[in-house]
Amino acid sequence: MSVLVCTDLNVRFRTDYGEIQAVRDFSLTLAKGECVGVVGESGSGKSQTFMAMLGLLADNGRATGSVKLDGQEILNAPRSLLNTVRGSRVGMIFQDPMSSLTPFLKVGEQMCEGLMHHQGLSMSAARARAMEVLELVRIPDAKRRFNQYPHELSGGMKQRVMIGQAIMCKPAVLVADEPTTALDVTVQAQILEILEGLKAHTDTAIVMITHDLGVVAGICDRVQVMYAGRVVEEGPIDDIFHRTRHPYTQGLLRSVPGFELDPTQPLAAIAGQPPAPDALPPGCAFAPRCGYVTPTCATTVPPLAVRPPAQRAACVLEALP
Ligand SMILES: Nc1ncnc2c1ncn2[C@@H]1O[C@H](COP(=O)(O)OP(=O)(O)OP(=O)(O)O)[C@@H](O)[C@H]1O
Ligand code: SF4
Ligand SMILES: [Mg+2]
């Protein structure tokens, strides 16, 4: 059963230099309990896609399209509905824990706040759930941590509290935006284990936003690769890794340790930079960086076309050489 269905989402921003389009025709169907990775370099539109869905765009932004949560349209919905969605149906984890933890509120108080406010639970019921969640996110000595302030916790522990806060209300969807980027490798692995545990033991569907294809490998069922605001390849995780259909995905894979296509070659980043949204080349946006570019690529924007059995790719090549 689909819990979230996003169709043809477009996000535009008004700027001093005119309007720019940050997200183009983004569609996603997320099933209950499924984990989907959204992967791409900085600026590719990953965060704004989900900010738009949840009504969190900056004042100069606007979104068109459709986003249905359990069948209910939420795109550009009234503030009261969006507050309920964010408070109890969709949890969000951001890259920087301090952006969603309030420094002057004790950990326990901020964890319980949403549950009491949105679901009308008593303090003692909310506290019981917080204890359960702190255990789920592997915070030892939960009683003591409950009464501490965020600054008394390590970076990794803050990140775990933030995950805890996001899952307090047992959301239908959890959006994790670069949840491991600022953390060291050991803590990164712990955070991924917690998300894997959530996937295994709850019905919550997870969206994992990251620039690192390696991060999605162990946890995601499907992946959507974004470039310059568009999805350029999508499909089941195994196909993305082993039957790659888009040159950009291939480039991303070459920079992931353990997944490089030729293990005898050093890891390589993709040469060049992605284009700014206001300076997209005509035709395929990846053309200036693509090793397979053909004359058609400079004039035609390739549509996201089906590549059997289960992938889609936006490239003039039916298969990579
Ligand atoms: N308020 C805004 N006004 C104008 N442009 C914006 C605004 N917010 C975001 N953008 C632009 O939208 C584009 C997509 O940004 P987004 O934050 O979604 O990228 P991202 O893929 O999440 O990158 P990162 O990996 O760095 O987080 C970028 O070019 C960004 O500069
Ligand atoms: S359409 Fe052309 S430039 Fe774009 S990714 Fe495919 S081969 Fe490369
Ligand atoms: Mg981002």
# chains A, B, ... in the order shown; residues from 1 in each chain; ligands from 1
$ residues_near_ligand --ligand "ligand 1" --cutoff "7 Å" --atoms "only C-alpha atoms and all ligand atoms" --output "number ranges by chain"
A: 13-15, 20, 22, 40-49, 58, 60-61, 210-211, 229, 276-277
$ select_by_dssp --residues "segment 37-230 of chain A" --states "alpha helix (DSSP H)" --output "ChimeraX atom specification"
/A:46-53,79-84,107-119,123-136,142-146,155-167,185-201,213-217
$ residues_around --residues "Ser100 of chain A" --least-positions-apart "5" --cutoff "10 Å" --atoms "only C-alpha atoms" --output "PyMOL selection string"
chain A and resi 92-95+110+159+162+165-166
$ residues_near_ligand --ligand "ligand 2" --cutoff "9 Å" --atoms "only C-alpha atoms and all ligand atoms" --output "PyMOL selection string"
chain A and resi 232+246-248+283-298+300-302+313-318+320
$ write_last_selection --atoms "N, CA and C atoms" --output "compact mmCIF listing (two decimals), in the first residue's frame"
# COMPACT_ATOMS: atom_id res chain seq x y z
N VAL A 232 17.40 11.42 -12.68
CA VAL A 232 17.99 10.94 -13.94
C VAL A 232 18.03 9.41 -14.01
N HIS A 246 22.63 5.08 -16.13
CA HIS A 246 22.90 6.49 -16.43
C HIS A 246 24.37 6.82 -16.15
N PRO A 247 25.01 7.54 -17.07
CA PRO A 247 26.43 7.88 -16.87
C PRO A 247 26.69 8.62 -15.55
N TYR A 248 25.73 9.43 -15.09
CA TYR A 248 25.95 10.15 -13.84
C TYR A 248 25.99 9.18 -12.64
N GLY A 283 19.47 20.90 -23.69
CA GLY A 283 19.65 19.45 -23.83
C GLY A 283 19.90 18.81 -22.49
N CYS A 284 20.68 17.73 -22.48
CA CYS A 284 20.95 16.99 -21.24
C CYS A 284 21.84 17.82 -20.32
N ALA A 285 21.40 18.01 -19.07
CA ALA A 285 22.16 18.86 -18.14
C ALA A 285 23.50 18.25 -17.77
N PHE A 286 23.66 16.94 -17.97
CA PHE A 286 24.92 16.29 -17.61
C PHE A 286 25.93 16.33 -18.76
N ALA A 287 25.51 16.77 -19.94
CA ALA A 287 26.36 16.70 -21.14
C ALA A 287 27.78 17.26 -20.96
N PRO A 288 27.95 18.44 -20.31
CA PRO A 288 29.30 18.98 -20.21
C PRO A 288 30.26 18.09 -19.40
N ARG A 289 29.70 17.14 -18.62
CA ARG A 289 30.57 16.29 -17.79
C ARG A 289 30.54 14.82 -18.23
N CYS A 290 29.81 14.52 -19.28
CA CYS A 290 29.55 13.12 -19.63
C CYS A 290 30.58 12.58 -20.61
N GLY A 291 31.09 11.39 -20.32
CA GLY A 291 32.07 10.76 -21.19
C GLY A 291 31.46 10.11 -22.43
N TYR A 292 30.14 10.02 -22.50
CA TYR A 292 29.49 9.35 -23.63
C TYR A 292 28.72 10.32 -24.52
N VAL A 293 28.95 11.61 -24.32
CA VAL A 293 28.10 12.63 -24.97
C VAL A 293 28.03 12.44 -26.51
N THR A 294 26.83 12.61 -27.06
CA THR A 294 26.62 12.51 -28.51
C THR A 294 26.07 13.86 -28.99
N PRO A 295 26.04 14.13 -30.28
CA PRO A 295 25.52 15.43 -30.75
C PRO A 295 24.08 15.67 -30.31
N THR A 296 23.26 14.62 -30.24
CA THR A 296 21.86 14.79 -29.83
C THR A 296 21.76 15.33 -28.41
N CYS A 297 22.73 14.97 -27.57
CA CYS A 297 22.64 15.31 -26.14
C CYS A 297 22.59 16.82 -25.90
N ALA A 298 23.23 17.57 -26.80
CA ALA A 298 23.29 19.02 -26.60
C ALA A 298 21.98 19.71 -26.93
N THR A 300 18.64 17.82 -26.93
CA THR A 300 17.43 17.15 -26.45
C THR A 300 17.54 16.84 -24.97
N VAL A 301 16.49 17.20 -24.21
CA VAL A 301 16.45 16.80 -22.80
C VAL A 301 15.88 15.37 -22.78
N PRO A 302 16.70 14.37 -22.41
CA PRO A 302 16.16 13.00 -22.48
C PRO A 302 15.10 12.76 -21.42
N ALA A 313 15.61 5.59 -16.75
CA ALA A 313 16.80 6.43 -16.90
C ALA A 313 16.53 7.53 -17.92
N ALA A 314 17.17 8.69 -17.68
CA ALA A 314 17.02 9.83 -18.60
C ALA A 314 18.31 10.00 -19.38
N CYS A 315 18.47 9.20 -20.41
CA CYS A 315 19.70 9.25 -21.20
C CYS A 315 19.37 8.77 -22.60
N VAL A 316 20.04 9.34 -23.61
CA VAL A 316 19.77 8.90 -24.98
C VAL A 316 20.27 7.48 -25.22
N LEU A 317 21.21 7.02 -24.40
CA LEU A 317 21.73 5.66 -24.59
C LEU A 317 20.79 4.65 -23.94
N GLU A 318 20.44 3.62 -24.67
CA GLU A 318 19.58 2.57 -24.11
C GLU A 318 20.33 1.79 -23.04
N LEU A 320 24.55 1.41 -21.18
CA LEU A 320 25.90 1.98 -21.14
C LEU A 320 26.87 1.01 -21.78
$ residues_around --residues "Leu82 of chain A" --least-positions-apart "4" --cutoff "12 Å" --atoms "only C-alpha atoms" --output "short mmCIF file (atom, residue, chain, number, x, y, z; two decimals) with all heavy atoms, in the first residue's frame"
data_model
loop_
_atom_site.label_atom_id
_atom_site.label_comp_id
_atom_site.auth_asym_id
_atom_site.auth_seq_id
_atom_site.Cartn_x
_atom_site.Cartn_y
_atom_site.Cartn_z
N MET A 51 11.38 19.53 1.44
CA MET A 51 10.91 20.75 2.12
C MET A 51 9.59 21.20 1.48
O MET A 51 8.64 21.58 2.17
CB MET A 51 11.94 21.88 1.99
CG MET A 51 13.25 21.60 2.68
SD MET A 51 13.06 21.43 4.45
CE MET A 51 14.12 22.71 5.00
N ALA A 52 9.55 21.16 0.15
CA ALA A 52 8.33 21.58 -0.58
C ALA A 52 7.16 20.68 -0.19
O ALA A 52 6.05 21.17 0.08
CB ALA A 52 8.57 21.53 -2.08
N MET A 53 7.40 19.37 -0.14
CA MET A 53 6.31 18.44 0.19
C MET A 53 5.71 18.77 1.55
O MET A 53 4.51 18.63 1.76
CB MET A 53 6.84 17.00 0.23
CG MET A 53 7.14 16.43 -1.12
SD MET A 53 7.48 14.66 -0.92
CE MET A 53 8.48 14.39 -2.36
N LEU A 54 6.57 19.20 2.48
CA LEU A 54 6.12 19.40 3.86
C LEU A 54 5.80 20.86 4.18
O LEU A 54 5.64 21.23 5.35
CB LEU A 54 7.18 18.86 4.83
CG LEU A 54 7.41 17.35 4.67
CD1 LEU A 54 8.60 16.88 5.48
CD2 LEU A 54 6.15 16.59 5.07
N GLY A 55 5.75 21.69 3.15
CA GLY A 55 5.38 23.09 3.37
C GLY A 55 6.46 23.88 4.08
O GLY A 55 6.17 24.81 4.83
N LEU A 56 7.74 23.52 3.84
CA LEU A 56 8.83 24.19 4.55
C LEU A 56 9.73 25.02 3.63
O LEU A 56 10.85 25.36 4.00
CB LEU A 56 9.69 23.14 5.29
CG LEU A 56 9.02 22.41 6.44
CD1 LEU A 56 9.89 21.26 6.94
CD2 LEU A 56 8.70 23.36 7.59
N VAL A 67 1.08 16.04 -3.85
CA VAL A 67 1.70 15.16 -2.85
C VAL A 67 0.59 14.60 -1.98
O VAL A 67 -0.11 15.36 -1.28
CB VAL A 67 2.71 15.94 -1.96
CG1 VAL A 67 3.33 14.99 -0.93
CG2 VAL A 67 3.80 16.57 -2.80
N LEU A 69 -0.55 12.09 1.05
CA LEU A 69 -0.13 11.28 2.20
C LEU A 69 -1.35 10.49 2.64
O LEU A 69 -2.38 11.09 2.99
CB LEU A 69 0.35 12.22 3.31
CG LEU A 69 0.87 11.56 4.59
CD1 LEU A 69 2.15 10.77 4.34
CD2 LEU A 69 1.15 12.63 5.67
N GLN A 72 -4.45 11.77 1.12
CA GLN A 72 -4.86 13.16 1.36
C GLN A 72 -3.85 14.13 0.74
O GLN A 72 -2.64 14.00 0.98
CB GLN A 72 -4.94 13.40 2.87
CG GLN A 72 -5.42 14.79 3.24
CD GLN A 72 -5.51 14.96 4.75
OE1 GLN A 72 -4.76 14.35 5.50
NE2 GLN A 72 -6.43 15.78 5.20
N GLU A 73 -4.35 15.08 -0.03
CA GLU A 73 -3.45 16.06 -0.66
C GLU A 73 -2.84 16.96 0.42
O GLU A 73 -3.56 17.55 1.22
CB GLU A 73 -4.23 16.91 -1.67
CG GLU A 73 -3.40 17.92 -2.42
CD GLU A 73 -2.31 17.30 -3.30
OE1 GLU A 73 -2.62 16.44 -4.12
OE2 GLU A 73 -1.14 17.69 -3.13
N ILE A 74 -1.50 17.06 0.43
CA ILE A 74 -0.87 17.93 1.44
C ILE A 74 -0.05 19.05 0.82
O ILE A 74 0.42 19.94 1.53
CB ILE A 74 0.01 17.14 2.45
CG1 ILE A 74 1.16 16.41 1.72
CG2 ILE A 74 -0.82 16.19 3.29
CD1 ILE A 74 2.27 15.97 2.67
N LEU A 75 0.15 19.03 -0.52
CA LEU A 75 0.98 20.09 -1.10
C LEU A 75 0.24 21.42 -1.04
O LEU A 75 -0.91 21.51 -1.48
CB LEU A 75 1.35 19.75 -2.55
CG LEU A 75 2.42 20.69 -3.13
CD1 LEU A 75 3.76 20.50 -2.46
CD2 LEU A 75 2.54 20.53 -4.64
N ASN A 76 0.89 22.42 -0.49
CA ASN A 76 0.31 23.75 -0.31
C ASN A 76 -0.97 23.71 0.52
O ASN A 76 -1.87 24.53 0.34
CB ASN A 76 0.03 24.40 -1.67
CG ASN A 76 1.30 24.54 -2.49
OD1 ASN A 76 2.36 24.88 -1.96
ND2 ASN A 76 1.23 24.26 -3.78
N ALA A 77 -1.06 22.73 1.43
CA ALA A 77 -2.24 22.60 2.29
C ALA A 77 -2.22 23.70 3.36
O ALA A 77 -1.18 24.33 3.59
CB ALA A 77 -2.23 21.23 2.96
N PRO A 78 -3.37 23.94 4.02
CA PRO A 78 -3.39 24.95 5.08
C PRO A 78 -2.38 24.62 6.19
O PRO A 78 -2.08 23.46 6.44
CB PRO A 78 -4.82 24.85 5.63
CG PRO A 78 -5.60 24.14 4.59
CD PRO A 78 -4.66 23.31 3.82
N ARG A 86 3.50 17.34 10.04
CA ARG A 86 4.88 17.35 10.52
C ARG A 86 4.98 16.89 11.96
O ARG A 86 5.99 16.35 12.39
CB ARG A 86 5.49 18.75 10.36
CG ARG A 86 5.60 19.17 8.91
CD ARG A 86 6.48 20.39 8.77
NE ARG A 86 5.92 21.55 9.46
CZ ARG A 86 5.27 22.55 8.84
NH1 ARG A 86 5.13 22.52 7.54
NH2 ARG A 86 4.80 23.56 9.53
N GLY A 87 3.93 17.12 12.72
CA GLY A 87 3.98 16.76 14.14
C GLY A 87 3.71 15.29 14.40
O GLY A 87 4.20 14.73 15.37
N SER A 88 2.94 14.65 13.52
CA SER A 88 2.59 13.28 13.88
C SER A 88 2.56 12.28 12.73
O SER A 88 2.48 11.09 12.98
CB SER A 88 1.25 13.27 14.61
OG SER A 88 0.25 13.81 13.81
N ARG A 89 2.66 12.72 11.48
CA ARG A 89 2.57 11.72 10.41
C ARG A 89 3.87 11.60 9.60
O ARG A 89 4.13 10.57 8.98
CB ARG A 89 1.40 12.05 9.49
CG ARG A 89 0.07 11.88 10.24
CD ARG A 89 -1.08 12.55 9.56
NE ARG A 89 -1.40 11.93 8.30
CZ ARG A 89 -2.20 12.49 7.38
NH1 ARG A 89 -2.73 13.68 7.59
NH2 ARG A 89 -2.45 11.88 6.26
N VAL A 90 4.65 12.67 9.58
CA VAL A 90 5.95 12.61 8.90
C VAL A 90 7.02 13.13 9.85
O VAL A 90 6.93 14.25 10.34
CB VAL A 90 5.95 13.47 7.61
CG1 VAL A 90 7.32 13.40 6.93
CG2 VAL A 90 4.87 13.00 6.65
N HIS A 118 0.22 17.10 19.87
CA HIS A 118 -0.50 16.59 18.70
C HIS A 118 -1.40 15.41 19.00
O HIS A 118 -2.36 15.15 18.31
CB HIS A 118 0.48 16.21 17.59
CG HIS A 118 1.16 17.39 16.97
ND1 HIS A 118 0.50 18.27 16.16
CD2 HIS A 118 2.43 17.84 17.08
CE1 HIS A 118 1.33 19.22 15.79
NE2 HIS A 118 2.50 18.98 16.33
#
$ residues_around --residues "Glu132 of chain A" --least-positions-apart "2" --cutoff "12 Å" --atoms "only C-alpha atoms" --output "list in words"
Gly108, Met111, Cys112, Ala125, Ala126, Arg127, Ala128, Arg129, Ala130, Leu134, Glu135, Leu136, Val137, Arg138, Ile139, Pro140, Asp141, Ala142, Lys143, Phe146, Gly164, Gln165, Ile167, Met168, Cys169 and Lys170 of chain A
$ write_last_selection --atoms "N, CA, C and O atoms" --output "mmCIF file, in the first residue's frame"
data_model
loop_
_atom_site.group_PDB
_atom_site.id
_atom_site.type_symbol
_atom_site.label_atom_id
_atom_site.label_comp_id
_atom_site.auth_asym_id
_atom_site.auth_seq_id
_atom_site.Cartn_x
_atom_site.Cartn_y
_atom_site.Cartn_z
ATOM 1 N N GLY A 108 14.186 15.388 27.392
ATOM 2 C CA GLY A 108 12.893 14.740 27.610
ATOM 3 C C GLY A 108 11.734 15.668 27.304
ATOM 4 O O GLY A 108 10.755 15.268 26.663
ATOM 5 N N MET A 111 11.260 15.957 23.620
ATOM 6 C CA MET A 111 10.760 14.717 23.008
ATOM 7 C C MET A 111 9.257 14.552 23.263
ATOM 8 O O MET A 111 8.516 14.085 22.415
ATOM 9 N N CYS A 112 8.826 14.953 24.461
ATOM 10 C CA CYS A 112 7.420 14.737 24.846
ATOM 11 C C CYS A 112 6.473 15.788 24.286
ATOM 12 O O CYS A 112 5.280 15.542 24.112
ATOM 13 N N ALA A 125 2.359 9.407 30.089
ATOM 14 C CA ALA A 125 2.303 8.519 28.912
ATOM 15 C C ALA A 125 3.390 8.914 27.907
ATOM 16 O O ALA A 125 4.050 8.053 27.320
ATOM 17 N N ALA A 126 3.567 10.232 27.712
ATOM 18 C CA ALA A 126 4.583 10.706 26.771
ATOM 19 C C ALA A 126 5.976 10.313 27.276
ATOM 20 O O ALA A 126 6.844 9.890 26.511
ATOM 21 N N ARG A 127 6.165 10.408 28.592
ATOM 22 C CA ARG A 127 7.457 10.052 29.182
ATOM 23 C C ARG A 127 7.749 8.557 28.963
ATOM 24 O O ARG A 127 8.877 8.178 28.640
ATOM 25 N N ALA A 128 6.725 7.737 29.123
ATOM 26 C CA ALA A 128 6.909 6.293 28.917
ATOM 27 C C ALA A 128 7.330 6.011 27.479
ATOM 28 O O ALA A 128 8.234 5.215 27.217
ATOM 29 N N ARG A 129 6.684 6.715 26.532
ATOM 30 C CA ARG A 129 7.050 6.531 25.120
ATOM 31 C C ARG A 129 8.481 7.030 24.876
ATOM 32 O O ARG A 129 9.259 6.411 24.145
ATOM 33 N N ALA A 130 8.853 8.151 25.506
ATOM 34 C CA ALA A 130 10.214 8.696 25.324
ATOM 35 C C ALA A 130 11.258 7.694 25.813
ATOM 36 O O ALA A 130 12.296 7.504 25.171
ATOM 37 N N LEU A 134 14.108 6.202 23.521
ATOM 38 C CA LEU A 134 15.532 6.388 23.825
ATOM 39 C C LEU A 134 16.256 5.044 23.776
ATOM 40 O O LEU A 134 17.402 4.949 23.342
ATOM 41 N N GLU A 135 15.555 4.004 24.201
ATOM 42 C CA GLU A 135 16.139 2.662 24.118
ATOM 43 C C GLU A 135 16.274 2.231 22.650
ATOM 44 O O GLU A 135 17.302 1.704 22.250
ATOM 45 N N LEU A 136 15.224 2.512 21.883
ATOM 46 C CA LEU A 136 15.223 2.153 20.461
ATOM 47 C C LEU A 136 16.382 2.820 19.719
ATOM 48 O O LEU A 136 17.002 2.230 18.827
ATOM 49 N N VAL A 137 16.708 4.050 20.087
ATOM 50 C CA VAL A 137 17.819 4.739 19.423
ATOM 51 C C VAL A 137 19.134 4.559 20.200
ATOM 52 O O VAL A 137 20.103 5.277 19.986
ATOM 53 N N ARG A 138 19.094 3.584 21.074
ATOM 54 C CA ARG A 138 20.301 3.133 21.788
ATOM 55 C C ARG A 138 21.005 4.226 22.570
ATOM 56 O O ARG A 138 22.212 4.441 22.439
ATOM 57 N N ILE A 139 20.213 4.944 23.362
ATOM 58 C CA ILE A 139 20.806 5.915 24.285
ATOM 59 C C ILE A 139 20.897 5.220 25.647
ATOM 60 O O ILE A 139 19.861 4.923 26.253
ATOM 61 N N PRO A 140 22.103 4.974 26.121
ATOM 62 C CA PRO A 140 22.209 4.315 27.417
ATOM 63 C C PRO A 140 21.836 5.280 28.539
ATOM 64 O O PRO A 140 21.907 6.504 28.350
ATOM 65 N N ASP A 141 21.431 4.758 29.668
ATOM 66 C CA ASP A 141 21.123 5.580 30.831
ATOM 67 C C ASP A 141 20.035 6.620 30.487
ATOM 68 O O ASP A 141 20.177 7.817 30.741
ATOM 69 N N ALA A 142 18.940 6.108 29.909
ATOM 70 C CA ALA A 142 17.908 7.002 29.366
ATOM 71 C C ALA A 142 17.338 7.966 30.405
ATOM 72 O O ALA A 142 17.095 9.133 30.113
ATOM 73 N N LYS A 143 17.160 7.494 31.648
ATOM 74 C CA LYS A 143 16.555 8.358 32.682
ATOM 75 C C LYS A 143 17.381 9.617 32.900
ATOM 76 O O LYS A 143 16.852 10.712 33.021
ATOM 77 N N PHE A 146 17.264 11.930 29.795
ATOM 78 C CA PHE A 146 15.956 12.577 29.696
ATOM 79 C C PHE A 146 15.987 13.959 30.352
ATOM 80 O O PHE A 146 15.350 14.907 29.897
ATOM 81 N N GLY A 164 15.134 10.008 17.627
ATOM 82 C CA GLY A 164 14.114 9.637 18.605
ATOM 83 C C GLY A 164 12.938 10.592 18.561
ATOM 84 O O GLY A 164 11.769 10.188 18.509
ATOM 85 N N GLN A 165 13.259 11.886 18.535
ATOM 86 C CA GLN A 165 12.210 12.905 18.496
ATOM 87 C C GLN A 165 11.336 12.736 17.248
ATOM 88 O O GLN A 165 10.118 12.855 17.300
ATOM 89 N N ILE A 167 10.670 10.024 15.656
ATOM 90 C CA ILE A 167 9.846 8.803 15.603
ATOM 91 C C ILE A 167 8.922 8.646 16.813
ATOM 92 O O ILE A 167 8.212 7.658 16.917
ATOM 93 N N MET A 168 8.937 9.652 17.698
ATOM 94 C CA MET A 168 8.099 9.588 18.909
ATOM 95 C C MET A 168 6.641 9.265 18.573
ATOM 96 O O MET A 168 5.990 8.490 19.241
ATOM 97 N N CYS A 169 6.117 9.925 17.527
ATOM 98 C CA CYS A 169 4.697 9.783 17.187
ATOM 99 C C CYS A 169 4.435 8.608 16.251
ATOM 100 O O CYS A 169 3.373 8.555 15.614
ATOM 101 N N LYS A 170 5.407 7.720 16.091
ATOM 102 C CA LYS A 170 5.270 6.583 15.156
ATOM 103 C C LYS A 170 4.807 7.070 13.782
ATOM 104 O O LYS A 170 3.706 6.728 13.309
#
$ closest_residue --among "A:Asp177, A:Glu113, A:Glu152, A:Asp25" --to "ligand 3" --atoms "only C-alpha atoms and all ligand atoms"
A:Asp177
$ residues_around --residues "Gly65 of chain A" --least-positions-apart "3" --cutoff "6 Å" --atoms "only C-alpha atoms" --output "list of chain:residue names"
A:Thr7, A:Asp8, A:Leu9
$ atom_distance --atom1 "atom CA of Leu267 of chain A" --atom2 "atom CA of Ser255 of chain A"
5.1 Å
$ residues_around --residues "Thr64 of chain A" --least-positions-apart "2" --cutoff "7 Å" --atoms "only C-alpha atoms" --output "number ranges by chain"
A: 9-11, 62, 66
